[in-house]
Structures are given as C-alpha cells and as structure tokens.
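Content type PDB, C-alpha atoms and all ligand atoms, from the file entry21.pdb:
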MODEL        1
ATOM      1  CA  MET A 558      98.665  85.883 112.098
ATOM      2  CA  ALA A 559     101.097  83.124 111.222
ATOM      3  CA  GLY A 560     104.677  84.216 110.693
ATOM      4  CA  MET A 561     104.439  87.397 112.818
ATOM      5  CA  ARG A 562     107.200  86.101 115.096
ATOM      6  CA  ASP A 563     109.733  86.652 112.313
ATOM      7  CA  VAL A 564     108.668  90.209 111.542
ATOM      8  CA  ARG A 565     111.304  92.866 112.086
ATOM      9  CA  ASN A 566     110.624  95.673 109.619
ATOM     10  CA  ILE A 567     107.146  97.131 109.296
ATOM     11  CA  VAL A 568     105.582  99.670 106.934
ATOM     12  CA  ILE A 569     102.135 100.943 107.904
ATOM     13  CA  LEU A 570      99.949 102.896 105.471
ATOM     14  CA  THR A 571      97.113 104.870 107.052
ATOM     15  CA  GLY A 572      94.139 106.696 105.564
ATOM     16  CA  ALA A 573      91.143 108.738 106.638
ATOM     17  CA  GLY A 574      89.541 105.741 108.402
ATOM     18  CA  ILE A 575      92.061 105.884 111.251
ATOM     19  CA  SER A 576      90.981 109.449 112.062
ATOM     20  CA  ALA A 577      87.232 108.863 111.564
ATOM     21  CA  GLU A 578      86.643 108.108 115.252
ATOM     22  CA  SER A 579      88.426 111.351 116.121
ATOM     23  CA  GLY A 580      85.598 113.136 114.301
ATOM     24  CA  ILE A 581      87.296 113.867 110.966
ATOM     25  CA  ASP A 582      85.193 113.138 107.867
ATOM     26  CA  THR A 583      86.454 110.420 105.529
ATOM     27  CA  PHE A 584      86.302 111.055 101.785
ATOM     28  CA  ARG A 585      84.455 108.217 100.109
ATOM     29  CA  THR A 586      82.214 106.639 102.730
ATOM     30  CA  ALA A 587      78.530 107.617 102.923
ATOM     31  CA  GLY A 588      78.293 111.266 103.945
ATOM     32  CA  GLY A 589      82.018 111.661 103.210
ATOM     33  CA  LEU A 590      83.712 114.828 102.041
ATOM     34  CA  TRP A 591      83.698 113.894  98.345
ATOM     35  CA  GLU A 592      79.901 113.512  98.474
ATOM     36  CA  LYS A 593      79.631 117.169  99.460
ATOM     37  CA  TYR A 594      82.435 118.509  97.266
ATOM     38  CA  ASP A 595      83.822 117.582  93.869
ATOM     39  CA  PRO A 596      87.562 116.978  94.348
ATOM     40  CA  ALA A 597      88.195 118.143  90.770
ATOM     41  CA  GLU A 598      86.734 121.531  91.792
ATOM     42  CA  VAL A 599      88.358 122.027  95.212
ATOM     43  CA  ALA A 600      91.411 119.781  95.501
ATOM     44  CA  SER A 601      93.107 119.468  92.127
ATOM     45  CA  ALA A 602      96.090 121.207  90.574
ATOM     46  CA  GLU A 603      93.825 122.299  87.706
ATOM     47  CA  ALA A 604      91.317 123.846  90.096
ATOM     48  CA  PHE A 605      94.135 125.735  91.810
ATOM     49  CA  ALA A 606      95.314 127.163  88.490
ATOM     50  CA  ARG A 607      91.725 128.058  87.485
ATOM     51  CA  ASP A 608      90.393 129.463  90.743
ATOM     52  CA  PRO A 609      93.025 129.624  93.515
ATOM     53  CA  GLY A 610      90.729 131.523  95.893
ATOM     54  CA  ARG A 611      88.167 128.714  95.937
ATOM     55  CA  LEU A 612      90.764 126.048  96.671
ATOM     56  CA  LEU A 613      92.399 128.166  99.395
ATOM     57  CA  SER A 614      89.007 128.742 101.050
ATOM     58  CA  PHE A 615      88.254 124.998 100.934
ATOM     59  CA  TYR A 616      91.531 124.185 102.683
ATOM     60  CA  ASP A 617      90.993 126.989 105.230
ATOM     61  CA  MET A 618      87.657 125.345 106.043
ATOM     62  CA  ARG A 619      89.240 121.868 106.283
ATOM     63  CA  ARG A 620      92.082 123.086 108.461
ATOM     64  CA  ALA A 621      89.604 124.717 110.856
ATOM     65  CA  THR A 622      87.724 121.424 111.358
ATOM     66  CA  VAL A 623      90.726 119.090 111.410
ATOM     67  CA  GLY A 624      92.758 121.349 113.699
ATOM     68  CA  GLU A 625      90.772 120.772 116.876
ATOM     69  CA  LYS A 626      90.676 116.986 117.003
ATOM     70  CA  GLU A 627      92.251 114.517 119.427
ATOM     71  CA  PRO A 628      93.998 111.236 118.629
ATOM     72  CA  ASN A 629      91.953 108.081 119.247
ATOM     73  CA  PRO A 630      93.107 104.689 120.602
ATOM     74  CA  ALA A 631      94.285 103.622 117.117
ATOM     75  CA  HIS A 632      96.717 106.569 116.836
ATOM     76  CA  GLU A 633      97.819 105.990 120.424
ATOM     77  CA  ALA A 634      98.444 102.286 119.804
ATOM     78  CA  LEU A 635     100.633 103.114 116.794
ATOM     79  CA  GLY A 636     102.460 105.667 118.960
ATOM     80  CA  ARG A 637     103.163 102.878 121.446
ATOM     81  CA  LEU A 638     104.306 100.550 118.663
ATOM     82  CA  ASP A 639     106.649 103.236 117.312
ATOM     83  CA  ALA A 640     108.135 103.811 120.772
ATOM     84  CA  GLU A 641     108.620 100.129 121.599
ATOM     85  CA  TRP A 642     109.276  98.405 118.260
ATOM     86  CA  LYS A 643     112.957  97.495 118.006
ATOM     87  CA  GLY A 644     113.069  96.919 114.235
ATOM     88  CA  GLU A 645     112.486  99.373 111.433
ATOM     89  CA  LEU A 646     109.071 100.979 111.386
ATOM     90  CA  LEU A 647     107.583 103.584 109.085
ATOM     91  CA  ILE A 648     104.095 105.040 109.263
ATOM     92  CA  VAL A 649     103.135 106.424 105.861
ATOM     93  CA  THR A 650      99.989 108.465 106.224
ATOM     94  CA  GLN A 651      97.750 109.897 103.535
ATOM     95  CA  ASN A 652      96.189 112.101 106.199
ATOM     96  CA  VAL A 653      96.919 115.792 106.527
ATOM     97  CA  ASP A 654      95.984 115.875 110.236
ATOM     98  CA  ASN A 655      98.685 115.536 112.899
ATOM     99  CA  LEU A 656      96.952 112.881 114.994
ATOM    100  CA  HIS A 657      99.733 110.306 114.556
ATOM    101  CA  GLU A 658     102.198 112.782 116.052
ATOM    102  CA  LEU A 659      99.755 113.718 118.845
ATOM    103  CA  GLY A 660      99.340 109.978 119.473
ATOM    104  CA  GLY A 661     103.074 109.712 120.145
ATOM    105  CA  ALA A 662     104.438 108.461 116.802
ATOM    106  CA  ASN A 663     107.668 109.923 115.444
ATOM    107  CA  ARG A 664     108.470 107.770 112.431
ATOM    108  CA  VAL A 665     105.743 109.321 110.258
ATOM    109  CA  LEU A 666     105.762 110.497 106.634
ATOM    110  CA  HIS A 667     102.857 112.567 105.284
ATOM    111  CA  MET A 668     102.720 111.473 101.660
ATOM    112  CA  HIS A 669      99.786 113.820 100.878
ATOM    113  CA  GLY A 670     101.266 116.699 102.893
ATOM    114  CA  GLN A 671      99.972 118.193 106.106
ATOM    115  CA  HIS A 672      98.035 121.079 107.608
ATOM    116  CA  ARG A 673     100.767 122.098 110.026
ATOM    117  CA  THR A 674     102.929 123.735 107.376
ATOM    118  CA  ALA A 675     102.445 126.111 104.477
ATOM    119  CA  TRP A 676     104.379 126.032 101.207
ATOM    120  CA  CYS A 677     105.653 129.192  99.526
ATOM    121  CA  THR A 678     105.665 128.681  95.774
ATOM    122  CA  SER A 679     108.033 131.683  95.373
ATOM    123  CA  CYS A 680     110.908 130.723  97.682
ATOM    124  CA  ASP A 681     110.015 127.068  98.472
ATOM    125  CA  ALA A 682     109.956 127.723 102.260
ATOM    126  CA  ARG A 683     107.707 125.452 104.334
ATOM    127  CA  PRO A 684     106.958 127.548 107.440
ATOM    128  CA  HIS A 685     104.969 126.215 110.395
ATOM    129  CA  TRP A 686     101.471 127.551 109.773
ATOM    130  CA  THR A 687      98.300 127.907 111.796
ATOM    131  CA  GLY A 688      96.696 130.754 109.860
ATOM    132  CA  THR A 689      94.505 130.976 106.792
ATOM    133  CA  PHE A 690      95.421 131.235 103.091
ATOM    134  CA  ALA A 691      92.448 132.760 101.312
ATOM    135  CA  ASP A 692      93.425 136.231 102.598
ATOM    136  CA  ARG A 693      96.826 135.795 100.847
ATOM    137  CA  PRO A 694      99.186 136.435 103.777
ATOM    138  CA  PRO A 695     102.863 137.171 103.035
ATOM    139  CA  CYS A 696     105.439 134.381 103.309
ATOM    140  CA  PRO A 697     107.420 134.853 106.557
ATOM    141  CA  ALA A 698     110.628 134.000 104.646
ATOM    142  CA  CYS A 699     110.413 136.087 101.446
ATOM    143  CA  GLY A 700     107.390 138.341 101.911
ATOM    144  CA  MET A 701     105.697 137.210  98.697
ATOM    145  CA  ARG A 702     101.987 136.458  98.847
ATOM    146  CA  SER A 703     102.543 133.009  97.379
ATOM    147  CA  LEU A 704     101.637 130.717 100.254
ATOM    148  CA  ARG A 705      99.460 127.672  99.681
ATOM    149  CA  PRO A 706      98.531 124.661 101.806
ATOM    150  CA  ASP A 707     101.408 122.166 101.986
ATOM    151  CA  VAL A 708      99.130 119.410 100.715
ATOM    152  CA  VAL A 709      99.284 117.277  97.594
ATOM    153  CA  LEU A 710      96.528 118.134  95.130
ATOM    154  CA  PHE A 711      95.082 115.688  92.604
ATOM    155  CA  GLY A 712      97.429 115.841  89.628
ATOM    156  CA  GLU A 713     100.515 116.458  91.803
ATOM    157  CA  MET A 714     103.202 113.991  92.835
ATOM    158  CA  PRO A 715     102.883 112.622  96.396
ATOM    159  CA  TYR A 716     105.720 113.415  98.789
ATOM    160  CA  HIS A 717     108.456 111.077 100.078
ATOM    161  CA  LEU A 718     108.119 108.301  97.484
ATOM    162  CA  ASP A 719     111.938 108.101  97.460
ATOM    163  CA  ARG A 720     111.780 106.974 101.103
ATOM    164  CA  ILE A 721     108.577 104.954 100.960
ATOM    165  CA  TYR A 722     109.511 102.474  98.214
ATOM    166  CA  PRO A 723     112.874 101.512  99.793
ATOM    167  CA  ALA A 724     111.080 101.022 103.137
ATOM    168  CA  ILE A 725     108.564  98.678 101.473
ATOM    169  CA  ARG A 726     111.411  96.767  99.826
ATOM    170  CA  ALA A 727     113.076  96.311 103.225
ATOM    171  CA  ALA A 728     109.855  95.387 105.043
ATOM    172  CA  ASP A 729     108.701  91.984 106.299
ATOM    173  CA  LEU A 730     105.173  93.235 106.917
ATOM    174  CA  PHE A 731     102.990  95.838 105.181
ATOM    175  CA  VAL A 732      99.885  96.935 107.073
ATOM    176  CA  SER A 733      97.140  99.112 105.612
ATOM    177  CA  ILE A 734      94.770 100.861 108.023
ATOM    178  CA  GLY A 735      91.577 102.797 107.252
ATOM    179  CA  THR A 736      92.065 103.478 103.567
ATOM    180  CA  SER A 737      89.708 102.671 100.696
ATOM    181  CA  GLY A 738      92.460 101.842  98.200
ATOM    182  CA  ALA A 739      91.051 104.284  95.659
ATOM    183  CA  VAL A 740      93.962 106.701  95.230
ATOM    184  CA  TYR A 741      97.262 105.776  93.607
ATOM    185  CA  PRO A 742     100.133 105.365  94.176
ATOM    186  CA  ALA A 743      99.222 104.546  97.823
ATOM    187  CA  ALA A 744      96.584 102.053  96.664
ATOM    188  CA  GLY A 745      99.295 100.161  94.769
ATOM    189  CA  PHE A 746     101.658  99.694  97.730
ATOM    190  CA  VAL A 747      99.995  96.412  98.683
ATOM    191  CA  ARG A 748     100.678  94.965  95.227
ATOM    192  CA  ASP A 749     104.279  96.218  95.325
ATOM    193  CA  ALA A 750     104.698  94.599  98.738
ATOM    194  CA  ARG A 751     103.182  91.300  97.629
ATOM    195  CA  GLU A 752     105.357  91.083  94.543
ATOM    196  CA  LEU A 753     108.359  91.486  96.851
ATOM    197  CA  GLY A 754     107.134  88.671  99.098
ATOM    198  CA  VAL A 755     106.255  91.031 101.972
ATOM    199  CA  ARG A 756     103.366  89.841 104.196
ATOM    200  CA  THR A 757     100.322  92.068 103.893
ATOM    201  CA  LEU A 758      97.617  92.812 106.437
ATOM    202  CA  GLU A 759      94.575  95.042 106.090
ATOM    203  CA  LEU A 760      92.780  96.616 109.064
ATOM    204  CA  ASN A 761      89.652  98.427 107.918
ATOM    205  CA  LEU A 762      85.988  98.927 108.687
ATOM    206  CA  GLU A 763      84.982  97.225 105.441
ATOM    207  CA  PRO A 764      86.929  95.478 102.667
ATOM    208  CA  SER A 765      88.759  98.073 100.543
ATOM    209  CA  ASP A 766      88.920  98.112  96.724
ATOM    210  CA  GLY A 767      92.144  96.062  96.804
ATOM    211  CA  SER A 768      91.175  93.772  99.673
ATOM    212  CA  HIS A 769      91.912  90.613  97.674
ATOM    213  CA  TRP A 770      95.583  91.629  97.476
ATOM    214  CA  PHE A 771      96.068  91.219 101.218
ATOM    215  CA  ASP A 772      97.176  87.998 102.900
ATOM    216  CA  GLU A 773      94.811  88.832 105.749
ATOM    217  CA  THR A 774      91.980  91.319 106.329
ATOM    218  CA  ARG A 775      90.576  92.141 109.753
ATOM    219  CA  LEU A 776      87.387  94.187 109.797
ATOM    220  CA  GLY A 777      86.243  96.538 112.547
ATOM    221  CA  PRO A 778      86.613 100.078 113.866
ATOM    222  CA  ALA A 779      90.257 101.190 113.960
ATOM    223  CA  SER A 780      89.989 102.146 117.647
ATOM    224  CA  GLU A 781      89.431  98.449 118.423
ATOM    225  CA  ILE A 782      91.338  96.417 115.847
ATOM    226  CA  VAL A 783      94.509  98.540 115.752
ATOM    227  CA  PRO A 784      95.196  98.326 119.533
ATOM    228  CA  GLN A 785      94.501  94.562 119.365
ATOM    229  CA  TRP A 786      97.013  94.083 116.553
ATOM    230  CA  VAL A 787      99.633  96.281 118.286
ATOM    231  CA  LYS A 788      99.215  94.224 121.449
ATOM    232  CA  GLU A 789      99.912  91.077 119.429
ATOM    233  CA  MET A 790     102.993  92.615 117.859
ATOM    234  CA  LEU A 791     104.451  93.819 121.161
ATOM    235  CA  GLY A 792     103.609  90.447 122.713
TER
HETATM  236  P1  LIG A 801      88.544 107.151 102.028
HETATM  237  O1  LIG A 801      87.465 108.032 102.539
HETATM  238  O2  LIG A 801      88.611 106.898 100.571
HETATM  239  O3  LIG A 801      88.458 105.736 102.750
HETATM  240  C1  LIG A 801      88.341 105.628 104.141
HETATM  241  C2  LIG A 801      88.355 104.158 104.502
HETATM  242  O4  LIG A 801      88.339 104.063 105.914
HETATM  243  C3  LIG A 801      87.166 103.345 103.983
HETATM  244  O5  LIG A 801      87.625 102.130 103.415
HETATM  245  C4  LIG A 801      86.332 103.080 105.243
HETATM  246  O6  LIG A 801      85.700 101.817 105.207
HETATM  247  C5  LIG A 801      87.391 103.094 106.311
HETATM  248  N1  LIG A 801      86.880 103.499 107.640
HETATM  249  C6  LIG A 801      85.901 104.388 107.929
HETATM  250  N2  LIG A 801      85.736 104.496 109.244
HETATM  251  C7  LIG A 801      86.635 103.650 109.825
HETATM  252  C8  LIG A 801      86.944 103.292 111.165
HETATM  253  N3  LIG A 801      86.304 103.840 112.198
HETATM  254  N4  LIG A 801      87.914 102.368 111.377
HETATM  255  C9  LIG A 801      88.564 101.809 110.324
HETATM  256  N5  LIG A 801      88.315 102.098 109.045
HETATM  257  C10 LIG A 801      87.366 103.024 108.786
HETATM  258  O7  LIG A 801      89.938 107.773 102.568
HETATM  259  P2  LIG A 801      91.431 107.467 102.077
HETATM  260  O8  LIG A 801      91.571 106.071 101.622
HETATM  261  O9  LIG A 801      92.337 107.961 103.147
HETATM  262  O10 LIG A 801      93.818 112.504  98.975
HETATM  263  O11 LIG A 801      91.547 108.440 100.842
HETATM  264  C11 LIG A 801      92.753 108.514 100.147
HETATM  265  C12 LIG A 801      92.974 109.893  99.614
HETATM  266  O12 LIG A 801      91.831 110.321  98.868
HETATM  267  C13 LIG A 801      93.120 110.978 100.658
HETATM  268  O13 LIG A 801      94.419 111.073 101.188
HETATM  269  C14 LIG A 801      92.765 112.215  99.905
HETATM  270  C15 LIG A 801      91.519 111.697  99.236
HETATM  271  O14 LIG A 801      91.085 112.348  98.127
HETATM  272  C16 LIG A 801      94.021 113.753  98.538
HETATM  273  O15 LIG A 801      93.350 114.702  98.897
HETATM  274  C17 LIG A 801      95.164 113.880  97.554
ENDMDL
END

Take the structure in the file and give it back as structure tokens.
Amino acid sequence: MAGMRDVRNIVILTGAGISAESGIDTFRTAGGLWEKYDPAEVASAEAFARDPGRLLSFYDMRRATVGEKEPNPAHEALGRLDAEWKGELLIVTQNVDNLHELGGANRVLHMHGQHRTAWCTSCDARPHWTGTFADRPPCPACGMRSLRPDVVLFGEMPYHLDRIYPAIRAADLFVSIGTSGAVYPAAGFVRDARELGVRTLELNLEPSDGSHWFDETRLGPASEIVPQWVKEMLG
C-alpha cells in the first residue's frame, strides 16, 4: 500500500470475522448467531429490563462456547505487531472473547465489553469472572445478587469512546478487520478517519457495508491476509 512507509500511529478495529477461524460464530454471516437468535430478544437493554433471566442464560451459553477457543494466526500476527511496533498502536475490538490477549496483544480496548469480567450494577465492581449469571450469584465485592455480563447491550453506550476517538485523531492509518460495518458507532470510525485524512484499509472476507469508504480493501480469510499485512508493516 502506497504511503505505508510514513505510518507511525495505527488504530485497528476488529470484529467477529477475526475470531471466525478460531471457531466462534459471527453474527450476520450465513448461519451466524443473529440468524438463530433475535438480538432484540437476547442482547438488548430492553430485553434485560423485560426478562433478565433469558438474557443472562443467553450470555452464559455464549461464554461457555467462546471460553474454550484458541487464537488463530490473525490474532497472533496482531500480537507480534503490538510487541514490535515502535509507534502508537491501539487495537479496538468489538469482540467479547479474549483471543487478542491470548495472541499476545496488550494494547487492546474491548468497546463492547468482555466475557472475562462481570459487572455489579449495585456497587459498580468489575470482578474477574468465569462463572455463570443465570443462577444470580452474589457479587464478591458487595454481596448483592446484581451481577450481569460486562458486555454492551444494544441500546447501551459502547465503552472507551473517550480513548478511541483521540486515538483515531492521532492515527496515520486506520485498519478494519473482520467486521461487517453494521453496528454504530464502530461502523462510523472509517468515515471519521477519512474526514481527518487518516489512511484507511479494510481486511475482510467480503466487502463490508461501508467498503467504499476505505482507501484500500483486501479480501480473504483473516488468518491469511492479516499476517501478510503485519509482515509488510514490520518490513
Ligand atoms: P458480523 O457478524 O456482523 O460481521 C463479521 C464480518 O466478518 C463479515 O463482514 C464477514 O464477511 C467477516 N468474516 C467472516 N469470516 C471471516 C474470516 N475468516 N476472515 C475475515 N473476515 C471474516 O460481526 P461484527 O461486525 O463484529 O455487538 O458485529 C458487530 C457487532 O454486532 C458485534 O460486536 C455485536 C453484534 O451484534 C453487540 O453485541 C453489541
């Protein structure tokens, strides 16, 4: 990609596609999670208010499947990039799995939350969590039975936007990996980046909804195209 030599600060947005080859279902592709479940019923703030038990059971099920997976070469390549890249780098993931961390990356923000922690809506504690929620366990900090998954539901504000937007403003390159561009505000980052004159690159299996916003799109499985791109960047 022309101009890569001058890149110093990178923001990378990842979505379900980067974890697909680790065996975690994506949401919107054929056979994806949102074909089997209606997100308004199992993953929205309204659903939680209406029927908390159903939502907690859904996330217990998701945690059980996501919890046993291994990072794939795309996560590992980003781990290598994080370790070796001398400029600023931020991986903003929409994924609730911890495969970026298992792949060796440290500079990671989970903008849709994560499965590794719980959130107590009584005392605001975010304890490390490997258990279930539907059985309403007590919060280890305050004892109240007010724990929920530490994930962002539809209708709730994503996490870390106060760190993400400044990172995009300071970036020379914005890279989007394995996301369909269907959920805002993440889907709008490419437009924000472009308006700021930041170069934009998409790495995805197929063109996303906002593909035309990118300076360059490379299509293929993440396990192949992400390591190739990282190799280019590390020269
Ligand atoms: P989607 O399921 O919407 O999109 C996954 C994208 O990954 C698609 O564009 C696929 O083409 C691509 N893809 C699939 N397999 C791939 C592979 N092996 N290599 C590269 N790309 C591949 O998932 P997201 O865009 O992450 O939010 O979804 C965004 C948000 O919607 C999620 O964080 C979640 C969901 O509802 C919440 O739950 C709040």

Can you list every residue of chain A that has an atom at most 7 Å from ligand LIG 801 (chain A), with its nearest atom pair and the distance in Å to one decimal, using all atoms listed in the file, ordered by chain then number, as JSON lines?
{"residue": "A:Thr571", "atom": "CA", "partner": "A:LIG801", "partner_atom": "O9", "distance": 6.9}
{"residue": "A:Gly572", "atom": "CA", "partner": "A:LIG801", "partner_atom": "O9", "distance": 3.3}
{"residue": "A:Ala573", "atom": "CA", "partner": "A:LIG801", "partner_atom": "O9", "distance": 3.8}
{"residue": "A:Gly574", "atom": "CA", "partner": "A:LIG801", "partner_atom": "O4", "distance": 3.2}
{"residue": "A:Ile575", "atom": "CA", "partner": "A:LIG801", "partner_atom": "N4", "distance": 5.4}
{"residue": "A:Ala577", "atom": "CA", "partner": "A:LIG801", "partner_atom": "N3", "distance": 5.1}
{"residue": "A:Glu578", "atom": "CA", "partner": "A:LIG801", "partner_atom": "N3", "distance": 5.3}
{"residue": "A:Thr583", "atom": "CA", "partner": "A:LIG801", "partner_atom": "O1", "distance": 4.0}
{"residue": "A:Phe584", "atom": "CA", "partner": "A:LIG801", "partner_atom": "O1", "distance": 3.3}
{"residue": "A:Arg585", "atom": "CA", "partner": "A:LIG801", "partner_atom": "O1", "distance": 3.9}
{"residue": "A:Thr586", "atom": "CA", "partner": "A:LIG801", "partner_atom": "O1", "distance": 5.4}
{"residue": "A:Gly589", "atom": "CA", "partner": "A:LIG801", "partner_atom": "O1", "distance": 6.6}
{"residue": "A:Pro596", "atom": "CA", "partner": "A:LIG801", "partner_atom": "O14", "distance": 6.9}
{"residue": "A:Ala600", "atom": "CA", "partner": "A:LIG801", "partner_atom": "O15", "distance": 6.4}
{"residue": "A:Gln651", "atom": "CA", "partner": "A:LIG801", "partner_atom": "O13", "distance": 4.2}
{"residue": "A:Asn652", "atom": "CA", "partner": "A:LIG801", "partner_atom": "O13", "distance": 5.4}
{"residue": "A:His669", "atom": "CA", "partner": "A:LIG801", "partner_atom": "C17", "distance": 5.7}
{"residue": "A:Val709", "atom": "CA", "partner": "A:LIG801", "partner_atom": "C17", "distance": 5.3}
{"residue": "A:Leu710", "atom": "CA", "partner": "A:LIG801", "partner_atom": "C17", "distance": 5.1}
{"residue": "A:Phe711", "atom": "CA", "partner": "A:LIG801", "partner_atom": "C17", "distance": 5.3}
{"residue": "A:Ile734", "atom": "CA", "partner": "A:LIG801", "partner_atom": "N5", "distance": 6.7}
{"residue": "A:Gly735", "atom": "CA", "partner": "A:LIG801", "partner_atom": "O4", "distance": 3.7}
{"residue": "A:Thr736", "atom": "CA", "partner": "A:LIG801", "partner_atom": "O8", "distance": 3.3}
{"residue": "A:Ser737", "atom": "CA", "partner": "A:LIG801", "partner_atom": "O5", "distance": 3.5}
{"residue": "A:Gly738", "atom": "CA", "partner": "A:LIG801", "partner_atom": "O8", "distance": 5.5}
{"residue": "A:Ala739", "atom": "CA", "partner": "A:LIG801", "partner_atom": "O2", "distance": 6.1}
{"residue": "A:Val740", "atom": "CA", "partner": "A:LIG801", "partner_atom": "C11", "distance": 5.4}
{"residue": "A:Leu760", "atom": "CA", "partner": "A:LIG801", "partner_atom": "C9", "distance": 6.8}
{"residue": "A:Asn761", "atom": "CA", "partner": "A:LIG801", "partner_atom": "N5", "distance": 4.1}
{"residue": "A:Leu762", "atom": "CA", "partner": "A:LIG801", "partner_atom": "N5", "distance": 3.9}
{"residue": "A:Glu763", "atom": "CA", "partner": "A:LIG801", "partner_atom": "O6", "distance": 4.7}
{"residue": "A:Pro764", "atom": "CA", "partner": "A:LIG801", "partner_atom": "O5", "distance": 6.7}
{"residue": "A:Ser765", "atom": "CA", "partner": "A:LIG801", "partner_atom": "O5", "distance": 5.1}
{"residue": "A:Gly777", "atom": "CA", "partner": "A:LIG801", "partner_atom": "C9", "distance": 6.2}
{"residue": "A:Pro778", "atom": "CA", "partner": "A:LIG801", "partner_atom": "N4", "distance": 3.6}
{"residue": "A:Ala779", "atom": "CA", "partner": "A:LIG801", "partner_atom": "N4", "distance": 3.7}
{"residue": "A:Ser780", "atom": "CA", "partner": "A:LIG801", "partner_atom": "N4", "distance": 6.6}

**OP:** Please evaluate the PyMOL selection byres (((chain A and resi 599) around 9) and not hetatm) against the structure above and give the resulting residues as a list in words.
**Re:** Tyr594, Asp595, Pro596, Ala597, Glu598, Ala600, Ser601, Ala604, Phe605, Asp608, Arg611, Leu612, Leu613, Ser614, Phe615 and Tyr616 of chain A

**OP:** Rounded to one decimal place, report the CA of Gly700 (chain A)-CA of Gly688 (chain A) distance in Å.
**Re:**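 Value for the CA of Gly700 (chain A)-CA of Gly688 (chain A) distance: 15.3 Å.
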
Subject >> Selection result for the PyMOL selection byres (((chain A and resi 785) around 12) and not hetatm) on this file, as JSON, numbers by chain >> reply: {"A": [630, 631, 633, 634, 635, 638, 760, 775, 776, 777, 778, 779, 780, 781, 782, 783, 784, 786, 787, 788, 789, 790, 791, 792]}

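Across the model, the gap from CA of Ala743 (chain A) to CA of His685 (chain A) is 25.7 Å.
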
Original post:
What do you get, as a VMD selection string, if you spell out every residue that the PyMOL selection byres (((chain A and resi 772) around 10) and not hetatm) selects here?
Top reply: chain A and resid 558 747 751 755 to 759 768 to 771 773 to 774

Original post:
Expressed in Å to a single decimal, how great is the separation between CA of Thr674 (chain A) and CA of Arg705 (chain A)?
Top reply: 9.3 Å

Around all the atoms of region 637-652 of chain A listed in the file, draw an axis-aligned box and extend it by 8 Å on each of the six sides; I want its centre and edge lengths in Å to one decimal, as AutoDock Vina command-line options.
--center_x 104.6 --center_y 104.5 --center_z 112.6 --size_x 32.9 --size_y 31.2 --size_z 34.1

Save region 622-633 of chain A to disk from that block, C-alpha atoms included, as a PDB file, in the first residue's frame.
ATOM      1  CA  THR A 622     -18.720 -21.640  23.763  1.00  0.00           C
ATOM      2  CA  VAL A 623     -16.372 -18.666  23.447  1.00  0.00           C
ATOM      3  CA  GLY A 624     -14.373 -19.596  26.546  1.00  0.00           C
ATOM      4  CA  GLU A 625     -12.610 -22.634  25.121  1.00  0.00           C
ATOM      5  CA  LYS A 626     -11.193 -21.218  21.903  1.00  0.00           C
ATOM      6  CA  GLU A 627      -7.609 -20.595  20.802  1.00  0.00           C
ATOM      7  CA  PRO A 628      -6.210 -17.571  18.971  1.00  0.00           C
ATOM      8  CA  ASN A 629      -5.582 -18.039  15.242  1.00  0.00           C
ATOM      9  CA  PRO A 630      -2.721 -16.676  13.090  1.00  0.00           C
ATOM     10  CA  ALA A 631      -4.532 -13.325  12.686  1.00  0.00           C
ATOM     11  CA  HIS A 632      -4.628 -12.711  16.467  1.00  0.00           C
ATOM     12  CA  GLU A 633      -1.029 -13.893  16.740  1.00  0.00           C
TER      13      GLU A 633
END
